[in-house]
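**Q** If it helps, the file is called start.tsv and holds TSV, C-alpha atoms and all ligand atoms:
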```tsv
chain	number	residue	atom	x	y	z
A	381	MET	CA	91.88	144.40	126.88
A	382	ASP	CA	88.42	144.23	125.37
A	383	ALA	CA	86.00	147.04	126.05
A	384	PRO	CA	83.47	146.09	128.75
A	385	ALA	CA	80.44	144.39	127.27
A	386	THR	CA	77.32	146.51	127.24
A	387	ALA	CA	73.84	145.31	126.45
A	388	PRO	CA	72.96	146.19	122.85
A	389	ASP	CA	70.79	149.25	122.71
A	390	THR	CA	67.84	147.90	120.75
A	391	ALA	CA	65.32	150.61	121.65
A	392	PRO	CA	64.46	152.84	118.70
A	393	LYS	CA	66.64	155.93	118.59
A	394	GLN	CA	63.66	157.91	117.45
A	395	THR	CA	61.58	159.82	119.92
A	396	PHE	CA	57.86	159.36	119.43
A	397	LYS	CA	55.14	161.75	120.49
A	398	PRO	CA	53.73	160.45	123.80
A	399	LEU	CA	50.29	158.96	123.18
A	400	VAL	CA	48.16	156.70	125.39
A	401	PHE	CA	46.04	153.87	123.97
A	402	SER	CA	44.04	151.20	125.76
A	403	GLY	CA	40.96	149.04	125.26
A	404	VAL	CA	38.25	147.17	127.12
A	405	GLN	CA	36.23	144.27	125.70
A	406	PRO	CA	32.44	144.45	125.59
A	407	THR	CA	32.14	140.88	126.83
A	408	GLY	CA	29.80	141.19	129.80
A	409	ASN	CA	29.46	143.35	132.87
A	410	LEU	CA	32.40	145.55	133.75
A	411	HIS	CA	33.82	144.79	137.17
A	412	LEU	CA	36.00	146.25	139.89
A	413	GLY	CA	39.14	144.73	138.30
A	414	ASN	CA	38.50	146.58	135.05
A	415	TYR	CA	37.83	149.75	137.01
A	416	LEU	CA	40.87	149.72	139.31
A	417	GLY	CA	43.28	147.96	136.94
A	418	ALA	CA	42.45	150.00	133.87
A	419	ILE	CA	39.71	152.66	133.81
A	420	VAL	CA	40.91	154.67	136.85
A	421	LYS	CA	44.30	154.95	135.13
A	422	PHE	CA	42.63	155.99	131.86
A	423	VAL	CA	40.97	158.86	133.70
A	424	ASP	CA	44.20	160.06	135.38
A	425	LEU	CA	46.25	159.97	132.19
A	426	GLN	CA	43.91	162.45	130.50
A	427	ASN	CA	45.56	165.28	132.41
A	428	THR	CA	49.04	164.58	131.09
A	429	HIS	CA	48.62	162.85	127.70
A	430	ASP	CA	46.57	162.64	124.54
A	431	CYS	CA	44.52	159.47	125.01
A	432	ILE	CA	42.65	157.03	122.77
A	433	TYR	CA	40.27	154.63	124.52
A	434	CYS	CA	38.71	151.84	122.53
A	435	VAL	CA	35.81	149.44	123.05
A	436	VAL	CA	37.42	146.41	121.45
A	437	ASP	CA	34.42	144.66	119.93
A	438	MET	CA	36.52	142.70	117.42
A	439	HIS	CA	38.38	141.09	120.32
A	440	ALA	CA	35.05	140.24	121.95
A	441	ILE	CA	33.95	137.94	119.09
A	442	THR	CA	37.04	135.73	119.51
A	443	VAL	CA	34.60	133.85	121.77
A	444	TRP	CA	30.89	133.59	120.91
A	445	GLN	CA	28.77	136.71	121.63
A	446	GLU	CA	25.02	136.95	121.15
A	447	PRO	CA	24.65	139.84	118.63
A	448	ALA	CA	22.03	141.80	120.61
A	449	GLU	CA	24.03	141.36	123.82
A	450	LEU	CA	27.22	142.52	122.08
A	451	THR	CA	25.48	145.71	120.91
A	452	ARG	CA	24.25	146.34	124.47
A	453	ALA	CA	27.71	145.71	125.94
A	454	ILE	CA	29.46	148.06	123.47
A	455	ARG	CA	27.16	150.87	124.60
A	456	GLU	CA	27.53	149.94	128.25
A	457	VAL	CA	31.34	150.05	128.17
A	458	THR	CA	31.16	153.41	126.39
A	459	ALA	CA	28.74	154.68	129.05
A	460	ALA	CA	31.12	153.42	131.76
A	461	PHE	CA	34.08	155.24	130.22
A	462	ILE	CA	32.14	158.51	130.25
A	463	ALA	CA	30.57	157.92	133.68
A	464	CYS	CA	34.02	157.29	135.16
A	465	GLY	CA	35.22	160.66	133.87
A	466	ILE	CA	36.72	160.09	130.43
A	467	ASP	CA	36.16	163.16	128.25
A	468	PRO	CA	35.28	162.00	124.72
A	469	LYS	CA	35.65	165.52	123.33
A	470	LYS	CA	39.19	166.20	124.55
A	471	HIS	CA	40.29	162.63	123.91
A	472	ILE	CA	39.08	159.83	121.61
A	473	VAL	CA	36.50	157.17	122.56
A	474	PHE	CA	35.33	154.72	119.86
A	475	ASN	CA	34.63	151.10	119.05
A	476	GLN	CA	37.27	149.14	117.19
A	477	SER	CA	35.12	147.71	114.36
A	478	GLN	CA	34.42	151.23	113.04
A	479	VAL	CA	38.10	151.70	112.15
A	480	ALA	CA	38.97	148.98	109.63
A	481	GLU	CA	42.69	149.85	109.77
A	482	HIS	CA	42.99	147.82	113.02
A	483	ALA	CA	42.19	144.63	111.09
A	484	GLU	CA	44.34	145.68	108.16
A	485	LEU	CA	47.45	146.22	110.28
A	486	ALA	CA	46.71	143.05	112.25
A	487	TRP	CA	47.09	141.06	109.03
A	488	VAL	CA	50.55	142.54	108.41
A	489	PHE	CA	51.43	141.73	112.03
A	490	ASN	CA	50.17	138.15	111.62
A	491	CYS	CA	52.91	137.87	109.03
A	492	VAL	CA	55.52	139.46	111.33
A	493	ALA	CA	54.70	137.55	114.56
A	494	ARG	CA	56.04	133.99	114.84
A	495	LEU	CA	53.98	130.93	115.76
A	496	GLY	CA	56.42	130.23	118.57
A	497	TRP	CA	55.67	133.62	120.13
A	498	LEU	CA	51.91	133.08	120.11
A	499	ASN	CA	52.29	129.54	121.43
A	500	ARG	CA	53.65	130.99	124.67
A	501	MET	CA	50.59	133.18	125.42
A	502	THR	CA	48.99	132.10	128.68
A	503	GLN	CA	45.66	133.89	128.04
A	504	PHE	CA	45.03	131.66	124.99
A	505	LYS	CA	45.81	128.55	127.02
A	506	GLU	CA	43.44	129.66	129.80
A	507	LYS	CA	40.60	130.74	127.52
A	508	ALA	CA	40.87	127.83	125.09
A	509	GLY	CA	40.93	125.39	128.00
A	510	LYS	CA	41.18	121.69	127.25
A	511	ASP	CA	39.35	121.80	123.94
A	512	ARG	CA	42.04	123.76	122.11
A	513	GLU	CA	41.22	122.31	118.67
A	514	ASN	CA	37.82	123.94	118.93
A	515	ALA	CA	39.03	127.46	119.87
A	516	SER	CA	38.63	130.14	117.20
A	517	VAL	CA	41.61	131.18	115.09
A	518	GLY	CA	40.82	134.71	116.26
A	519	LEU	CA	41.36	133.77	119.91
A	520	TYR	CA	44.80	132.48	118.98
A	521	ALA	CA	45.70	135.54	116.89
A	522	TYR	CA	44.23	137.99	119.48
A	523	PRO	CA	47.63	139.40	120.58
A	524	SER	CA	48.47	140.33	117.02
A	525	LEU	CA	45.26	142.37	116.72
A	526	MET	CA	46.03	143.93	120.11
A	527	ALA	CA	49.48	144.99	118.83
A	528	ALA	CA	47.76	146.54	115.80
A	529	ASP	CA	45.26	148.40	118.03
A	530	ILE	CA	48.14	150.14	119.80
A	531	LEU	CA	50.57	150.57	116.94
A	532	VAL	CA	48.11	151.79	114.31
A	533	TYR	CA	48.29	155.02	116.36
A	534	ARG	CA	52.01	154.55	117.10
A	535	ALA	CA	50.97	154.86	120.76
A	536	THR	CA	53.75	154.92	123.35
A	537	HIS	CA	51.97	154.14	126.64
A	538	VAL	CA	49.38	151.49	127.44
A	539	PRO	CA	47.62	151.41	130.84
A	540	VAL	CA	46.50	147.81	131.52
A	541	GLY	CA	46.04	145.32	134.33
A	542	GLU	CA	48.82	142.89	135.16
A	543	ASP	CA	47.12	140.09	133.13
A	544	GLN	CA	47.89	141.96	129.89
A	545	LYS	CA	51.64	142.29	130.51
A	546	GLN	CA	52.54	139.32	128.32
A	547	HIS	CA	50.49	140.63	125.39
A	548	LEU	CA	52.20	144.02	125.72
A	549	GLU	CA	55.59	142.34	125.57
A	550	LEU	CA	54.47	140.60	122.39
A	551	ALA	CA	53.39	143.95	120.92
A	552	ARG	CA	56.89	145.27	121.61
A	553	ASP	CA	58.42	142.20	119.94
A	554	ILE	CA	56.23	142.71	116.87
A	555	ALA	CA	57.12	146.42	116.68
A	556	GLN	CA	60.80	145.60	117.03
A	557	LYS	CA	60.75	142.86	114.37
A	558	PHE	CA	58.83	145.08	111.93
A	559	ASN	CA	61.40	147.86	112.49
A	560	ASN	CA	64.26	145.40	111.87
A	561	ASP	CA	62.76	143.49	108.94
A	562	TYR	CA	61.85	146.66	107.08
A	563	ALA	CA	64.75	148.85	108.27
A	564	GLY	CA	65.78	149.49	104.64
A	565	THR	CA	62.48	150.90	103.38
A	566	ILE	CA	61.77	152.64	106.70
A	567	ARG	CA	64.95	154.66	106.17
A	568	GLU	CA	64.40	155.09	102.41
A	569	LYS	CA	60.87	156.41	102.84
A	570	GLY	CA	62.09	158.99	105.34
A	571	PHE	CA	60.91	157.43	108.62
A	572	GLY	CA	64.38	157.30	110.14
A	573	GLU	CA	65.63	154.49	112.36
A	574	ALA	CA	62.32	153.00	113.45
A	575	PHE	CA	58.72	153.30	112.32
A	576	PHE	CA	56.98	151.92	115.40
A	577	PRO	CA	57.67	152.87	119.03
A	578	LEU	CA	58.04	150.03	121.54
A	579	PRO	CA	54.88	150.67	123.59
A	580	GLU	CA	55.35	150.75	127.35
A	581	PRO	CA	52.88	149.05	129.68
A	582	LEU	CA	51.70	151.22	132.59
A	583	ILE	CA	50.93	148.74	135.39
A	584	GLN	CA	51.12	150.48	138.76
A	585	GLY	CA	49.49	150.74	142.16
A	586	PRO	CA	47.98	148.35	144.71
A	587	ALA	CA	45.26	146.82	142.45
A	588	THR	CA	46.90	145.81	139.17
A	589	ARG	CA	45.47	142.30	139.57
A	590	VAL	CA	42.20	142.26	141.48
A	591	MET	CA	41.39	138.67	142.43
A	592	SER	CA	38.10	136.77	142.46
A	593	LEU	CA	36.13	137.22	145.71
A	594	ARG	CA	35.58	133.44	145.76
A	595	ASP	CA	39.12	132.28	144.97
A	596	GLY	CA	42.25	134.29	145.79
A	597	SER	CA	44.26	132.47	143.12
A	598	LYS	CA	42.07	133.52	140.16
A	599	LYS	CA	41.74	137.02	138.72
A	600	MET	CA	38.38	138.76	138.89
A	601	SER	CA	36.96	138.31	135.40
A	602	LYS	CA	33.88	139.06	133.30
A	603	SER	CA	33.92	135.50	132.04
A	604	ASP	CA	33.85	133.84	135.52
A	605	PRO	CA	30.54	131.94	135.70
A	606	SER	CA	30.00	132.99	139.35
A	607	ASP	CA	28.46	136.44	139.77
A	608	GLN	CA	29.59	136.30	143.43
A	609	SER	CA	33.22	136.32	142.25
A	610	ARG	CA	33.10	139.95	141.16
A	611	ILE	CA	31.72	143.39	141.99
A	612	ALA	CA	30.04	144.67	138.83
A	613	LEU	CA	29.97	148.40	138.13
A	614	THR	CA	26.19	148.04	137.88
A	615	ASP	CA	25.80	146.43	141.35
A	616	ASP	CA	23.73	148.39	143.88
A	617	ALA	CA	24.74	149.05	147.50
A	618	ASP	CA	23.01	145.92	148.83
A	619	ALA	CA	24.62	143.64	146.28
A	620	ILE	CA	28.07	145.14	147.03
A	621	ALA	CA	27.63	144.71	150.81
A	622	LEU	CA	26.47	141.12	150.38
A	623	LYS	CA	29.30	140.13	148.04
A	624	ILE	CA	31.92	141.63	150.36
A	625	ARG	CA	30.35	139.97	153.41
A	626	ARG	CA	30.48	136.61	151.59
A	627	ALA	CA	33.98	137.16	150.16
A	628	LYS	CA	36.31	134.31	151.03
A	629	THR	CA	38.82	135.14	153.80
A	630	ASP	CA	40.88	133.34	156.43
A	631	PRO	CA	40.06	133.39	160.17
A	632	ASP	CA	42.99	135.60	161.30
A	633	PRO	CA	42.79	139.34	161.99
A	634	LEU	CA	44.51	141.67	159.50
A	635	PRO	CA	48.28	141.88	160.04
A	636	HIS	CA	50.21	145.04	160.89
A	637	ASP	CA	52.88	144.31	158.33
A	638	GLU	CA	52.43	144.14	154.53
A	639	LYS	CA	54.89	141.23	154.28
A	640	ALA	CA	52.45	139.01	156.20
A	641	LEU	CA	49.87	139.46	153.39
A	642	GLU	CA	52.02	137.50	150.95
A	643	ALA	CA	50.82	134.15	152.29
A	644	ARG	CA	47.19	135.34	152.57
A	645	PRO	CA	45.91	135.98	149.01
A	646	GLU	CA	42.28	136.76	149.96
A	647	ALA	CA	43.28	139.23	152.70
A	648	ASP	CA	45.86	140.75	150.37
A	649	ASN	CA	43.20	141.22	147.70
A	650	LEU	CA	40.72	143.03	149.98
A	651	VAL	CA	43.45	145.27	151.41
A	652	GLY	CA	44.63	146.06	147.87
A	653	ILE	CA	41.10	146.99	146.81
A	654	TYR	CA	40.68	149.26	149.85
A	655	ALA	CA	44.06	150.90	149.21
A	656	ALA	CA	43.33	151.56	145.53
A	657	LEU	CA	39.90	153.04	146.25
A	658	ALA	CA	41.18	155.24	149.06
A	659	GLY	CA	44.23	156.33	147.07
A	660	HIS	CA	46.52	154.90	149.78
A	661	SER	CA	49.24	152.27	149.89
A	662	LYS	CA	48.54	148.83	151.43
A	663	ALA	CA	50.92	149.76	154.26
A	664	GLN	CA	48.75	152.77	155.09
A	665	VAL	CA	45.60	150.63	155.14
A	666	LEU	CA	47.29	148.21	157.55
A	667	LYS	CA	48.24	151.13	159.79
A	668	ASP	CA	44.52	151.82	160.19
A	669	PHE	CA	43.21	148.23	160.19
A	670	GLY	CA	46.14	146.07	161.41
A	671	GLY	CA	44.79	143.81	164.19
A	672	ALA	CA	41.15	144.29	163.11
A	673	GLN	CA	38.88	141.32	162.38
A	674	PHE	CA	37.26	140.95	158.97
A	675	SER	CA	33.94	141.64	160.70
A	676	THR	CA	35.23	145.21	161.15
A	677	PHE	CA	37.19	145.57	157.93
A	678	LYS	CA	34.59	144.19	155.52
A	679	PRO	CA	31.83	146.71	156.34
A	680	ALA	CA	34.36	149.56	156.05
A	681	LEU	CA	35.41	148.22	152.64
A	682	ALA	CA	31.79	147.85	151.51
A	683	ASP	CA	31.05	151.45	152.58
A	684	LEU	CA	34.05	152.75	150.67
A	685	LEU	CA	33.06	150.75	147.57
A	686	VAL	CA	29.51	152.10	147.66
A	687	ALA	CA	30.75	155.67	148.16
A	688	LYS	CA	33.10	155.43	145.17
A	689	LEU	CA	30.97	153.35	142.81
A	690	SER	CA	27.40	154.55	143.34
A	691	PRO	CA	27.79	157.91	141.55
A	692	ILE	CA	29.36	156.05	138.61
A	693	THR	CA	26.60	153.43	138.56
A	694	ALA	CA	23.91	156.10	138.56
A	695	GLU	CA	25.54	158.02	135.72
A	696	MET	CA	26.09	154.81	133.72
A	697	ARG	CA	22.44	153.93	134.04
A	698	ARG	CA	21.41	157.37	132.82
A	699	LEU	CA	23.79	157.35	129.84
A	700	LYS	CA	23.19	153.75	128.81
A	701	ASP	CA	19.60	154.45	127.86
A	702	ASP	CA	20.59	157.43	125.74
A	703	THR	CA	21.72	155.30	122.80
A	704	GLY	CA	21.53	158.27	120.43
A	705	TYR	CA	24.15	160.10	122.46
A	706	ILE	CA	26.39	157.04	122.98
A	707	ASP	CA	26.33	156.14	119.29
A	708	SER	CA	27.19	159.72	118.35
A	709	VAL	CA	30.20	159.64	120.70
A	710	LEU	CA	31.38	156.41	119.02
A	711	ALA	CA	30.81	157.78	115.50
A	712	ASP	CA	32.69	161.00	116.26
A	713	GLY	CA	35.55	159.14	118.00
A	714	SER	CA	35.81	156.63	115.14
A	715	ALA	CA	36.03	159.37	112.54
A	716	ARG	CA	38.84	161.09	114.43
A	717	ALA	CA	40.67	157.82	115.12
A	718	GLN	CA	40.43	156.78	111.49
A	719	VAL	CA	42.25	159.88	110.28
A	720	LEU	CA	45.24	158.89	112.43
A	721	ALA	CA	45.05	155.18	111.60
A	722	ALA	CA	44.79	155.79	107.85
A	723	GLU	CA	47.98	157.86	107.96
A	724	THR	CA	49.86	154.97	109.60
A	725	MET	CA	48.45	152.41	107.13
A	726	LYS	CA	49.55	154.47	104.14
A	727	ALA	CA	53.09	154.50	105.50
A	728	VAL	CA	52.98	150.77	106.36
A	729	LYS	CA	51.89	149.94	102.80
A	730	ASP	CA	54.78	151.95	101.37
A	731	ILE	CA	57.24	150.35	103.81
A	732	VAL	CA	56.04	146.80	103.06
A	733	GLY	CA	56.03	147.44	99.29
A	734	PHE	CA	52.30	147.28	98.52
A	735	VAL	CA	51.06	149.34	95.56
A	736	ARG	CA	48.38	151.78	96.66
A	737	ARG	CA	46.11	154.44	95.23
B	1	LIG	P1	37.43	138.76	129.79
B	1	LIG	O1	37.26	137.75	130.88
B	1	LIG	O2	36.34	138.77	128.75
B	1	LIG	O3	38.83	138.73	129.17
B	1	LIG	P2	38.29	140.88	131.50
B	1	LIG	O4	37.63	141.04	132.78
B	1	LIG	O5	39.66	140.26	131.47
B	1	LIG	O6	37.28	140.14	130.51
B	1	LIG	P3	39.17	142.80	129.51
B	1	LIG	O7	38.24	143.60	128.68
B	1	LIG	O8	39.87	141.65	128.88
B	1	LIG	O9	38.36	142.32	130.82
B	1	LIG	O10	40.25	143.78	130.13
B	1	LIG	C1	40.10	145.20	130.19
B	1	LIG	C2	41.17	145.80	131.06
B	1	LIG	O11	40.92	145.42	132.43
B	1	LIG	C3	42.59	145.29	130.75
B	1	LIG	O12	43.50	146.38	130.88
B	1	LIG	C4	42.85	144.26	131.80
B	1	LIG	O13	44.23	144.10	132.06
B	1	LIG	C5	42.10	144.86	132.98
B	1	LIG	N1	41.70	143.82	133.93
B	1	LIG	C6	40.89	142.77	133.69
B	1	LIG	N2	40.72	142.03	134.79
B	1	LIG	C7	41.45	142.63	135.77
B	1	LIG	C8	41.67	142.34	137.15
B	1	LIG	N3	41.11	141.29	137.73
B	1	LIG	N4	42.46	143.18	137.86
B	1	LIG	C9	43.03	144.27	137.28
B	1	LIG	N5	42.87	144.59	135.98
B	1	LIG	C10	42.08	143.79	135.23
B	2	MG	MG	40.65	139.85	129.66
```
Taking this structure as input, can you express it in the form of structure tokens?
**A**
Amino acid sequence: MDAPATAPDTAPKQTFKPLVFSGVQPTGNLHLGNYLGAIVKFVDLQNTHDCIYCVVDMHAITVWQEPAELTRAIREVTAAFIACGIDPKKHIVFNQSQVAEHAELAWVFNCVARLGWLNRMTQFKEKAGKDRENASVGLYAYPSLMAADILVYRATHVPVGEDQKQHLELARDIAQKFNNDYAGTIREKGFGEAFFPLPEPLIQGPATRVMSLRDGSKKMSKSDPSDQSRIALTDDADAIALKIRRAKTDPDPLPHDEKALEARPEADNLVGIYAALAGHSKAQVLKDFGGAQFSTFKPALADLLVAKLSPITAEMRRLKDDTGYIDSVLADGSARAQVLAAETMKAVKDIVGFVRR
């Protein structure tokens, strides 16, 4: 009898040093989705891992950005990272365009990734919209640069919102194909079985996909034309209360059972936001608010939002104006990141067969 079939073990045999990498685009005002889906996780991971957090300005220009506004937004995202509790001394905070190795590795990955893989990316389809012929080449190749962002540090863990899951899977496919295509020189040059780790997405908790306050079927996004669709990290208490009061809901009271939220996307979204902010599960929130009308729940949610966000907003405002300090954080972070990235690029050049100095 044949031996029982087992799935081929394709994961690299190598163990890689645990390292966290993630990025946020300076494309507008940061919102609650970015905070709960990504930045809160960035902060937590600092206690257990070495972390690299990047303001991905090269991704931002895949769609048009006014230069002065881009500069402002790069500093604002940096200020938000620090205001939320990221320590730029213990970890690394920088902007992508200051480390040229990201673009260099992205080119190699453009030659590893297949057109068919990129054609499946839903973010490109959504962002390009109907006028696909007129989208930038950069918007199409975005996932390849994102793979390079992560893998130029050979990072192993990537905290992101649910919307980035598909891009993370593509990064794993690129890493895997590079490891396979160049297996011979990877071994010859002394890098063992695999040069790149397969980076793992970290997508956990009750707010991995915060939805628009106006439409429970669309994610909260910086690029949504309606300011009412999102809570910005710069919103004051009055703006937060008003946006929550106006948030779309249905007429029923909150259910007692989490299962009943499945058919009620707007209610589910608000409960998820409350749970994430309070550090509870959705079930726990429904224990407290099951049976309550939105006229009771919404003010409680607005109060919790203000309590959690207002210290961050105040600190962001203070830091944002100190451009000397912010720029020095980015310069210092870039210098430290570049040392690591340059090491990887040297190895990649040897593995690919480029001649180098
Ligand atoms: P854009 O519309 O310009 O793409 P964005 O709001 O999607 O902006 P990004 O900079 O692309 O923001 O994403 C930064 C991080 O925030 C990513 O990890 C992403 O997954 C996460 N994120 C973005 N929107 C949400 C959301 N609505 N809920 C949870 N996480 C989110
Ligand atoms: Mg996005």
**Q** With a cut-off of 12 Å, could you pull out the residues of chain A touching ligand MG 2 (chain B) and give me the nearest pair of atoms for each, distance in Å to one decimal, using all atoms listed in the file, ordered by chain and ascending number, as CSV?
**A**
```
residue,atom,partner,partner_atom,distance
A:Gly403,CA,B:MG2,MG,10.2
A:Val404,CA,B:MG2,MG,8.1
A:Gln405,CA,B:MG2,MG,7.4
A:Pro406,CA,B:MG2,MG,10.3
A:Thr407,CA,B:MG2,MG,9.0
A:Gly408,CA,B:MG2,MG,10.9
A:Leu410,CA,B:MG2,MG,10.8
A:His411,CA,B:MG2,MG,11.3
A:Gly413,CA,B:MG2,MG,10.0
A:Asn414,CA,B:MG2,MG,8.9
A:Gly417,CA,B:MG2,MG,11.2
A:Ala418,CA,B:MG2,MG,11.1
A:Val436,CA,B:MG2,MG,11.0
A:His439,CA,B:MG2,MG,9.7
A:Ala440,CA,B:MG2,MG,9.5
A:Thr442,CA,B:MG2,MG,11.5
A:Val443,CA,B:MG2,MG,11.6
A:Thr502,CA,B:MG2,MG,11.4
A:Gln503,CA,B:MG2,MG,8.0
A:Phe504,CA,B:MG2,MG,10.4
A:Glu506,CA,B:MG2,MG,10.6
A:Lys507,CA,B:MG2,MG,9.4
A:Leu519,CA,B:MG2,MG,11.5
A:Tyr522,CA,B:MG2,MG,11.0
A:Pro523,CA,B:MG2,MG,11.5
A:Met526,CA,B:MG2,MG,11.7
A:Val540,CA,B:MG2,MG,10.1
A:Gly541,CA,B:MG2,MG,9.0
A:Glu542,CA,B:MG2,MG,10.3
A:Asp543,CA,B:MG2,MG,7.3
A:Gln544,CA,B:MG2,MG,7.5
A:Lys545,CA,B:MG2,MG,11.3
A:Gln546,CA,B:MG2,MG,12.0
A:His547,CA,B:MG2,MG,10.8
A:Arg589,CA,B:MG2,MG,11.3
A:Lys599,CA,B:MG2,MG,9.6
A:Met600,CA,B:MG2,MG,9.6
A:Ser601,CA,B:MG2,MG,7.0
A:Lys602,CA,B:MG2,MG,7.7
A:Ser603,CA,B:MG2,MG,8.4
A:Asp604,CA,B:MG2,MG,10.8
```
**Q** Pick out the closest residue to ligand LIG 1 (chain B) from this set: A:Pro577, A:Pro633, A:Gly713, A:Pro539. Count all atoms listed in the file.
**A** A:Pro539
**Q** Applying 12 Å and all atoms listed in the file, which residues near Ile466 (chain A) remain after dropping the ones on its own chain fewer than 6 positions away? List them as a PyMOL selection string.
**A** chain A and resi 419-427+430-434+457-460+472-474+692+709
**Q** I'd like to know which of A:Leu685, A:Pro581, A:Gly733, A:Thr588 is closest to Ala621 (chain A), using all atoms listed in the file.
**A**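 Closest to Ala621 (chain A) of all the choices is A:Leu685.
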**Q** Compare A:Lys667, A:Arg500, A:Arg610, A:Lys700 by their minimum atom-to-atom distance to ligand LIG 1 (chain B), counting only C-alpha atoms and all ligand atoms, and give me the closest one.
**A** A:Arg610
**Q** Between atom N4 of ligand LIG 1 (chain B) and CA of Asp511 (chain A), what is the distance in Å, rounded to a tenth?
**A**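 Calculated distance between atom N4 of ligand LIG 1 (chain B) and CA of Asp511 (chain A) is 25.7 Å.
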**Q** Would you compute an axis-aligned box for ligand LIG 1 (chain B), covering every atom listed for it in the file with 3 Å of margin on each side, and report centre and edge lengths in Å to one decimal as lines of an AutoDock Vina configuration file?
**A**
```
center_x = 40.3
center_y = 142.1
center_z = 133.3
size_x = 13.9
size_y = 14.6
size_z = 15.2
```
**Q** Set the distance at 10 Å and use only C-alpha atoms: which residues neighbour Leu699 (chain A) once local chain neighbours fewer than 2 positions away are removed? I'd like the list as a PyMOL selection string.
**A** chain A and resi 455-456+458-460+462-463+693-697+701-706
**Q** So that I can check the surroundings of region 578-580 of chain A, please list as a ChimeraX atom specification every protein, DNA and RNA residue that reaches within 7 Å of it, counting all atoms listed in the file and ignoring chain neighbours fewer than 4 positions away.
**A** /A:535-538,552,555-556
**Q** What separation in Å, quoted to one decimal, exists between CA of Ala687 (chain A) and CA of Val590 (chain A)?
**A**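 Computed distance, CA of Ala687 (chain A) to CA of Val590 (chain A), equals 18.9 Å.
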**Q** One decimal, in Å: what's the spacing between CA of Ile583 (chain A) and CA of Ala528 (chain A)?
**A**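 So the two atoms, CA of Ile583 (chain A) and CA of Ala528 (chain A), lie 20.0 Å apart.
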**Q** Using only C-alpha atoms for the distances, tell me which of A:Glu549, A:Phe576, A:Ile530, A:Trp444 is nearest to Val728 (chain A).
**A**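 Distance minimum relative to Val728 (chain A) lands on A:Phe576.
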**Q** So, with only C-alpha atoms and all ligand atoms as the atoms that count, which of A:Gly572, A:Ala486, A:Ile620, A:Ile653 lies closest to ligand LIG 1 (chain B)?
**A**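 Going through A:Gly572, A:Ala486, A:Ile620, A:Ile653 one by one, the smallest distance to ligand LIG 1 (chain B) is for A:Ile653.
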